[in-house]
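Below you'll find the structure, written out as structure tokens, and then a few comments.
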Amino acid sequence: MRLGYLHARVTDLADARRHYVDTLGMQVVMEEPNRLFLKAWDEWDHHSVVLEEGGVGLDKIGYKVAREDDLADFEKRIQAFGCTTERMSKGENPAVGDGIRVTIPSGHTMELYHEIEFTDTAVGLINPALFPRHLVGIGVPRLDHCLLKAEDIPLSERFFSEALDFKPAERLVSDLSDDAELLGTWMFCQHKTHDIAFVAGEDGKLHHWAYKLEDWNAIKHAGAILSMDDVSVGFGPDVHGLSRGDTIYFFDPSGNRNEVFAGGYETYPDFPTITWTADKTNPAVSYIGREVADNHFTVDT
Ligand SMILES: [Fe+2]
């Protein structure tokens with residue numbers, strides 16, 4: 001159904017806490033000596049982002065499936081594709097039920113699960129307020145998507161299509177010839193512009209994860225908070241040509257890249273894949289500015 005949780009490594013948990021709690025406005029739901037479990041105000045599950053002290057980059061991603069039965073079904077299809085799976089037991093991740101763990105073709109660890117403790121949104125489900133009155137910092141409502149690096153983009157795309165029913169909404173290709181190289185793929189599984197994306201690069205690396213904000217005004221407000229807190233900004237605010245989302249990219253104190261994202265179009269099962277050619281990479285990423293800082297293509301964690 002969606003990216004439900006993401007575990008990332010940070011070099012210093014206290015610095016990370018200032019960034020994710022004070023600047024982004026995530027709430028701490030559980031704390032261990034070297035781990036912080038966080039959720040955003042409009043999320044109903046127990047947690048979405050888990051920060052672990054030691055290193056940088058991605059530890060694992062968790063995608064929630066719609067039905068308990070989907071787990072056995074996807075397990076078979078992942079194995080048929082040629083990837084090895086292992087069972088994950090209830091409680092291995094606090095508040096999360098049984099699931100499947102797989103090293104996807106790009107080398108990242110992905111977990112599929114159905115059950116996770118329901119802990120309600122910050123405004124509740126009965127006559128909810130539009131937003132919590134005392135939001136902190138940006139006040140991010142929800143985790144949205146992630147973009148990962150992969151050496152073999154066609155293989156990653158094929159895995160997510162054939163084993164997990166994702167579809168490519170947009171692709172970046174070297175050119176329009178028959179033997180063009182696939183350089184990136186943005187894939188959806190419900191109605192977002194993308195739930196996961198891959199661009200060419202070193203296996204196992206993280207490009208960014210994103211939070212969904214309401215609209216362009218919320219992006220502007222986020223930019224002001226990032227400046228107040230002296231957060232390092234990659235680029236933006238701008239609008240992506242690819243996905244048509246409003247965006248700012250910025251870095252946490254460990255150097256992991258985050259994004260605030262708004263807008264974008266809806267996708268459907270019959271959505272026709274949009275193609276961008278490599279010579280239009282700059283407007284694909286930054287439609288208005290058309291100048292993308294080098295770090296966007298060279299810095300990963
Ligand atoms: Fe993104």
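In the structure tokens, chains take the letters A, B, ... in the order shown, each chain's residues start at 1, and ligands count up from 1 in the order shown.
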Give me, as CSV, the closest atom pair and its distance (Å, one decimal) for every residue of range 232-283 of chain A within a cut-off of 10 Å of range 127-150 of chain A, counting only C-alpha atoms, rows sorted by chain and rising number.
residue,atom,partner,partner_atom,distance
A:Asn258,CA,A:Cys146,CA,9.1
A:Glu259,CA,A:Cys146,CA,9.2
A:Val260,CA,A:Val140,CA,8.2
A:Phe261,CA,A:Asp144,CA,8.2
A:Ala262,CA,A:Asp144,CA,9.9
Residues near Gly99 in chain A, anyone? I mean within 7 Å using only C-alpha atoms, not counting same-chain ones fewer than 3 positions away, as a list in words.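 Counting only C-alpha atoms, the residues come to Leu71, Arg87, Met88, Ser89, Glu111, Leu112 and Tyr113 of chain A.
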Could you save the residues just selected, with all heavy atoms, as a PDB file, in the first residue's frame?
ATOM      1  N   LEU A  71       1.050 -11.216   2.447  1.00  0.00           N
ATOM      2  CA  LEU A  71       2.428 -11.523   2.833  1.00  0.00           C
ATOM      3  C   LEU A  71       2.894 -12.822   2.190  1.00  0.00           C
ATOM      4  O   LEU A  71       3.972 -12.881   1.584  1.00  0.00           O
ATOM      5  CB  LEU A  71       2.559 -11.583   4.362  1.00  0.00           C
ATOM      6  CG  LEU A  71       2.363 -10.225   5.080  1.00  0.00           C
ATOM      7  CD1 LEU A  71       2.298 -10.422   6.583  1.00  0.00           C
ATOM      8  CD2 LEU A  71       3.485  -9.252   4.711  1.00  0.00           C
ATOM      9  N   ARG A  87      11.494 -14.757   7.020  1.00  0.00           N
ATOM     10  CA  ARG A  87      10.332 -14.356   7.808  1.00  0.00           C
ATOM     11  C   ARG A  87      10.777 -13.427   8.924  1.00  0.00           C
ATOM     12  O   ARG A  87      11.824 -13.616   9.537  1.00  0.00           O
ATOM     13  CB  ARG A  87       9.664 -15.600   8.418  1.00  0.00           C
ATOM     14  CG  ARG A  87       8.915 -16.437   7.390  1.00  0.00           C
ATOM     15  CD  ARG A  87       7.626 -15.743   7.021  1.00  0.00           C
ATOM     16  NE  ARG A  87       6.915 -16.472   5.980  1.00  0.00           N
ATOM     17  CZ  ARG A  87       5.693 -16.986   6.121  1.00  0.00           C
ATOM     18  NH1 ARG A  87       5.058 -16.872   7.265  1.00  0.00           N
ATOM     19  NH2 ARG A  87       5.111 -17.596   5.116  1.00  0.00           N
ATOM     20  N   MET A  88       9.949 -12.444   9.199  1.00  0.00           N
ATOM     21  CA  MET A  88      10.222 -11.515  10.291  1.00  0.00           C
ATOM     22  C   MET A  88       9.117 -11.742  11.319  1.00  0.00           C
ATOM     23  O   MET A  88       7.949 -11.859  10.962  1.00  0.00           O
ATOM     24  CB  MET A  88      10.160 -10.133   9.657  1.00  0.00           C
ATOM     25  CG  MET A  88       9.964  -8.973  10.521  1.00  0.00           C
ATOM     26  SD  MET A  88       9.917  -7.524   9.412  1.00  0.00           S
ATOM     27  CE  MET A  88       8.236  -6.972   9.727  1.00  0.00           C
ATOM     28  N   SER A  89       9.497 -11.901  12.588  1.00  0.00           N
ATOM     29  CA  SER A  89       8.475 -12.211  13.591  1.00  0.00           C
ATOM     30  C   SER A  89       7.954 -10.960  14.266  1.00  0.00           C
ATOM     31  O   SER A  89       8.648  -9.946  14.361  1.00  0.00           O
ATOM     32  CB  SER A  89       9.012 -13.127  14.688  1.00  0.00           C
ATOM     33  OG  SER A  89      10.020 -13.924  14.217  1.00  0.00           O
ATOM     34  N   GLU A 111      11.190  -4.572   4.201  1.00  0.00           N
ATOM     35  CA  GLU A 111      10.283  -5.442   4.954  1.00  0.00           C
ATOM     36  C   GLU A 111       8.855  -5.175   4.495  1.00  0.00           C
ATOM     37  O   GLU A 111       8.498  -4.039   4.183  1.00  0.00           O
ATOM     38  CB  GLU A 111      10.431  -5.175   6.458  1.00  0.00           C
ATOM     39  CG  GLU A 111      11.795  -5.589   6.986  1.00  0.00           C
ATOM     40  CD  GLU A 111      12.081  -5.209   8.428  1.00  0.00           C
ATOM     41  OE1 GLU A 111      11.356  -4.351   8.992  1.00  0.00           O
ATOM     42  OE2 GLU A 111      13.037  -5.753   8.993  1.00  0.00           O
ATOM     43  N   LEU A 112       8.076  -6.240   4.432  1.00  0.00           N
ATOM     44  CA  LEU A 112       6.640  -6.128   4.153  1.00  0.00           C
ATOM     45  C   LEU A 112       5.922  -6.584   5.407  1.00  0.00           C
ATOM     46  O   LEU A 112       6.298  -7.588   6.004  1.00  0.00           O
ATOM     47  CB  LEU A 112       6.237  -7.014   2.969  1.00  0.00           C
ATOM     48  CG  LEU A 112       6.938  -6.745   1.643  1.00  0.00           C
ATOM     49  CD1 LEU A 112       6.436  -7.723   0.586  1.00  0.00           C
ATOM     50  CD2 LEU A 112       6.690  -5.315   1.178  1.00  0.00           C
ATOM     51  N   TYR A 113       4.890  -5.856   5.801  1.00  0.00           N
ATOM     52  CA  TYR A 113       4.151  -6.198   7.018  1.00  0.00           C
ATOM     53  C   TYR A 113       2.727  -5.735   6.831  1.00  0.00           C
ATOM     54  O   TYR A 113       2.432  -4.887   5.978  1.00  0.00           O
ATOM     55  CB  TYR A 113       4.804  -5.502   8.243  1.00  0.00           C
ATOM     56  CG  TYR A 113       4.670  -4.006   8.178  1.00  0.00           C
ATOM     57  CD1 TYR A 113       3.681  -3.334   8.888  1.00  0.00           C
ATOM     58  CD2 TYR A 113       5.501  -3.262   7.335  1.00  0.00           C
ATOM     59  CE1 TYR A 113       3.527  -1.965   8.783  1.00  0.00           C
ATOM     60  CE2 TYR A 113       5.354  -1.893   7.218  1.00  0.00           C
ATOM     61  CZ  TYR A 113       4.373  -1.253   7.936  1.00  0.00           C
ATOM     62  OH  TYR A 113       4.208   0.108   7.809  1.00  0.00           O
TER      63      TYR A 113
END
Proximity of chain A to ligand 1: per-residue shortest pair, 12 Å limit, only C-alpha atoms and all ligand atoms, as CSV:
residue,atom,partner,partner_atom_place_in_ligand_line,distance
A:Leu143,CA,ligand 1,1 (Fe),10.8
A:Asp144,CA,ligand 1,1 (Fe),8.3
A:His145,CA,ligand 1,1 (Fe),6.4
A:Cys146,CA,ligand 1,1 (Fe),6.2
A:Leu147,CA,ligand 1,1 (Fe),6.2
A:Leu148,CA,ligand 1,1 (Fe),9.9
A:Thr185,CA,ligand 1,1 (Fe),11.8
A:Trp186,CA,ligand 1,1 (Fe),9.3
A:Met187,CA,ligand 1,1 (Fe),11.5
A:Lys192,CA,ligand 1,1 (Fe),11.5
A:Thr193,CA,ligand 1,1 (Fe),9.8
A:His194,CA,ligand 1,1 (Fe),8.3
A:Asp195,CA,ligand 1,1 (Fe),9.2
A:Ile196,CA,ligand 1,1 (Fe),8.7
A:Ala197,CA,ligand 1,1 (Fe),8.0
A:Phe198,CA,ligand 1,1 (Fe),10.4
A:Val199,CA,ligand 1,1 (Fe),11.3
A:Leu206,CA,ligand 1,1 (Fe),11.3
A:His207,CA,ligand 1,1 (Fe),8.7
A:His208,CA,ligand 1,1 (Fe),6.7
A:Trp209,CA,ligand 1,1 (Fe),6.3
A:Ala210,CA,ligand 1,1 (Fe),5.4
A:Tyr211,CA,ligand 1,1 (Fe),8.5
A:Lys212,CA,ligand 1,1 (Fe),9.5
A:Val239,CA,ligand 1,1 (Fe),11.2
A:His240,CA,ligand 1,1 (Fe),9.2
A:Gly241,CA,ligand 1,1 (Fe),12.0
A:Leu242,CA,ligand 1,1 (Fe),9.9
A:Ser243,CA,ligand 1,1 (Fe),9.0
A:Arg244,CA,ligand 1,1 (Fe),10.8
A:Gly245,CA,ligand 1,1 (Fe),8.5
A:Asp246,CA,ligand 1,1 (Fe),9.7
A:Thr247,CA,ligand 1,1 (Fe),7.9
A:Ile248,CA,ligand 1,1 (Fe),9.2
A:Tyr249,CA,ligand 1,1 (Fe),8.4
A:Phe250,CA,ligand 1,1 (Fe),11.3
A:Arg257,CA,ligand 1,1 (Fe),9.9
A:Asn258,CA,ligand 1,1 (Fe),8.3
A:Glu259,CA,ligand 1,1 (Fe),6.1
A:Val260,CA,ligand 1,1 (Fe),7.9
A:Phe261,CA,ligand 1,1 (Fe),6.8
A:Ala262,CA,ligand 1,1 (Fe),9.9
A:Gly263,CA,ligand 1,1 (Fe),11.7
A:Gly264,CA,ligand 1,1 (Fe),10.7
A:Ala284,CA,ligand 1,1 (Fe),11.9
A:Val285,CA,ligand 1,1 (Fe),9.6
A:Ser286,CA,ligand 1,1 (Fe),11.8
A:His296,CA,ligand 1,1 (Fe),11.6
Looking at only C-alpha atoms, which of A:Trp216, A:Val49, A:Met1, A:Ala66 is the one that sits closest to Arg17 in chain A? A:Val49
List every residue of range 171-247 of chain A that DSSP, applied to the backbone of this structure, places in alpha helix (DSSP H), and write the result as a VMD selection string. chain A and resid 216 to 228
Output all heavy atoms of each residue in that selection to a file, as an mmCIF file, in the first residue's frame.
data_model
loop_
_atom_site.group_PDB
_atom_site.id
_atom_site.type_symbol
_atom_site.label_atom_id
_atom_site.label_comp_id
_atom_site.auth_asym_id
_atom_site.auth_seq_id
_atom_site.Cartn_x
_atom_site.Cartn_y
_atom_site.Cartn_z
ATOM 1 N N TRP A 216 1.927 24.575 -1.731
ATOM 2 C CA TRP A 216 3.078 25.452 -1.969
ATOM 3 C C TRP A 216 3.330 26.391 -0.782
ATOM 4 O O TRP A 216 4.468 26.670 -0.426
ATOM 5 C CB TRP A 216 2.808 26.242 -3.268
ATOM 6 C CG TRP A 216 3.849 27.235 -3.627
ATOM 7 C CD1 TRP A 216 3.739 28.585 -3.553
ATOM 8 C CD2 TRP A 216 5.165 26.948 -4.132
ATOM 9 N NE1 TRP A 216 4.909 29.165 -3.990
ATOM 10 C CE2 TRP A 216 5.792 28.200 -4.341
ATOM 11 C CE3 TRP A 216 5.867 25.781 -4.417
ATOM 12 C CZ2 TRP A 216 7.091 28.295 -4.838
ATOM 13 C CZ3 TRP A 216 7.167 25.878 -4.909
ATOM 14 C CH2 TRP A 216 7.766 27.118 -5.113
ATOM 15 N N ASN A 217 2.257 26.878 -0.147
ATOM 16 C CA ASN A 217 2.442 27.758 1.010
ATOM 17 C C ASN A 217 3.136 27.026 2.158
ATOM 18 O O ASN A 217 3.927 27.616 2.889
ATOM 19 C CB ASN A 217 1.092 28.309 1.500
ATOM 20 C CG ASN A 217 0.647 29.489 0.659
ATOM 21 O OD1 ASN A 217 1.473 30.161 0.049
ATOM 22 N ND2 ASN A 217 -0.646 29.724 0.611
ATOM 23 N N ALA A 218 2.808 25.747 2.299
ATOM 24 C CA ALA A 218 3.454 24.959 3.358
ATOM 25 C C ALA A 218 4.940 24.754 3.038
ATOM 26 O O ALA A 218 5.783 24.704 3.938
ATOM 27 C CB ALA A 218 2.753 23.607 3.507
ATOM 28 N N ILE A 219 5.260 24.664 1.746
ATOM 29 C CA ILE A 219 6.664 24.535 1.335
ATOM 30 C C ILE A 219 7.413 25.834 1.672
ATOM 31 O O ILE A 219 8.528 25.810 2.202
ATOM 32 C CB ILE A 219 6.760 24.240 -0.189
ATOM 33 C CG1 ILE A 219 6.119 22.874 -0.520
ATOM 34 C CG2 ILE A 219 8.194 24.334 -0.692
ATOM 35 C CD1 ILE A 219 6.918 21.656 -0.124
ATOM 36 N N LYS A 220 6.772 26.955 1.414
ATOM 37 C CA LYS A 220 7.382 28.257 1.727
ATOM 38 C C LYS A 220 7.607 28.379 3.237
ATOM 39 O O LYS A 220 8.674 28.800 3.690
ATOM 40 C CB LYS A 220 6.451 29.368 1.227
ATOM 41 C CG LYS A 220 6.855 30.763 1.603
ATOM 42 C CD LYS A 220 5.827 31.760 1.072
ATOM 43 C CE LYS A 220 5.835 33.050 1.880
ATOM 44 N NZ LYS A 220 4.694 33.914 1.561
ATOM 45 N N HIS A 221 6.604 27.992 4.018
ATOM 46 C CA HIS A 221 6.718 28.016 5.482
ATOM 47 C C HIS A 221 7.862 27.098 5.932
ATOM 48 O O HIS A 221 8.672 27.455 6.789
ATOM 49 C CB HIS A 221 5.377 27.571 6.102
ATOM 50 C CG HIS A 221 5.415 27.416 7.590
ATOM 51 N ND1 HIS A 221 5.553 26.184 8.201
ATOM 52 C CD2 HIS A 221 5.355 28.330 8.589
ATOM 53 C CE1 HIS A 221 5.567 26.360 9.513
ATOM 54 N NE2 HIS A 221 5.452 27.650 9.768
ATOM 55 N N ALA A 222 7.945 25.910 5.317
ATOM 56 C CA ALA A 222 9.022 24.968 5.659
ATOM 57 C C ALA A 222 10.379 25.595 5.368
ATOM 58 O O ALA A 222 11.314 25.476 6.166
ATOM 59 C CB ALA A 222 8.850 23.670 4.865
ATOM 60 N N GLY A 223 10.488 26.274 4.232
ATOM 61 C CA GLY A 223 11.746 26.928 3.868
ATOM 62 C C GLY A 223 12.156 27.955 4.904
ATOM 63 O O GLY A 223 13.330 28.077 5.255
ATOM 64 N N ALA A 224 11.173 28.700 5.427
ATOM 65 C CA ALA A 224 11.469 29.708 6.451
ATOM 66 C C ALA A 224 11.986 29.049 7.726
ATOM 67 O O ALA A 224 12.951 29.508 8.337
ATOM 68 C CB ALA A 224 10.217 30.530 6.738
ATOM 69 N N ILE A 225 11.362 27.941 8.116
ATOM 70 C CA ILE A 225 11.805 27.219 9.331
ATOM 71 C C ILE A 225 13.223 26.667 9.121
ATOM 72 O O ILE A 225 14.069 26.726 10.017
ATOM 73 C CB ILE A 225 10.826 26.065 9.661
ATOM 74 C CG1 ILE A 225 9.417 26.601 9.943
ATOM 75 C CG2 ILE A 225 11.351 25.208 10.818
ATOM 76 C CD1 ILE A 225 9.219 27.267 11.268
ATOM 77 N N LEU A 226 13.491 26.121 7.923
ATOM 78 C CA LEU A 226 14.823 25.579 7.640
ATOM 79 C C LEU A 226 15.876 26.680 7.773
ATOM 80 O O LEU A 226 16.972 26.454 8.282
ATOM 81 C CB LEU A 226 14.865 24.962 6.235
ATOM 82 C CG LEU A 226 14.005 23.714 6.018
ATOM 83 C CD1 LEU A 226 14.013 23.296 4.548
ATOM 84 C CD2 LEU A 226 14.467 22.543 6.897
ATOM 85 N N SER A 227 15.530 27.888 7.318
ATOM 86 C CA SER A 227 16.469 28.995 7.429
ATOM 87 C C SER A 227 16.650 29.406 8.892
ATOM 88 O O SER A 227 17.767 29.599 9.363
ATOM 89 C CB SER A 227 15.977 30.173 6.587
ATOM 90 O OG SER A 227 16.917 31.218 6.627
ATOM 91 N N MET A 228 15.547 29.516 9.630
ATOM 92 C CA MET A 228 15.609 29.868 11.061
ATOM 93 C C MET A 228 16.527 28.929 11.820
ATOM 94 O O MET A 228 17.249 29.329 12.716
ATOM 95 C CB MET A 228 14.219 29.717 11.701
ATOM 96 C CG MET A 228 13.349 30.920 11.626
ATOM 97 S SD MET A 228 11.793 30.502 12.476
ATOM 98 C CE MET A 228 10.641 31.220 11.342
#
If you run DSSP over the backbone, which residues in range 60-185 of chain A end up strand (DSSP E)? Put them as number ranges by chain. A: 60-64, 85-88, 99-103, 109-113, 142-150, 167-173, 182-185
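Coordinates place CA of Ser48 in chain A at a distance of 23.4 Å from CA of Gly234 in chain A.
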Rank nothing, just name the residue among A:Asp229, A:Glu32, A:Asp178, A:Asp270 nearest to Glu52 in chain A, using only C-alpha atoms. A:Glu32
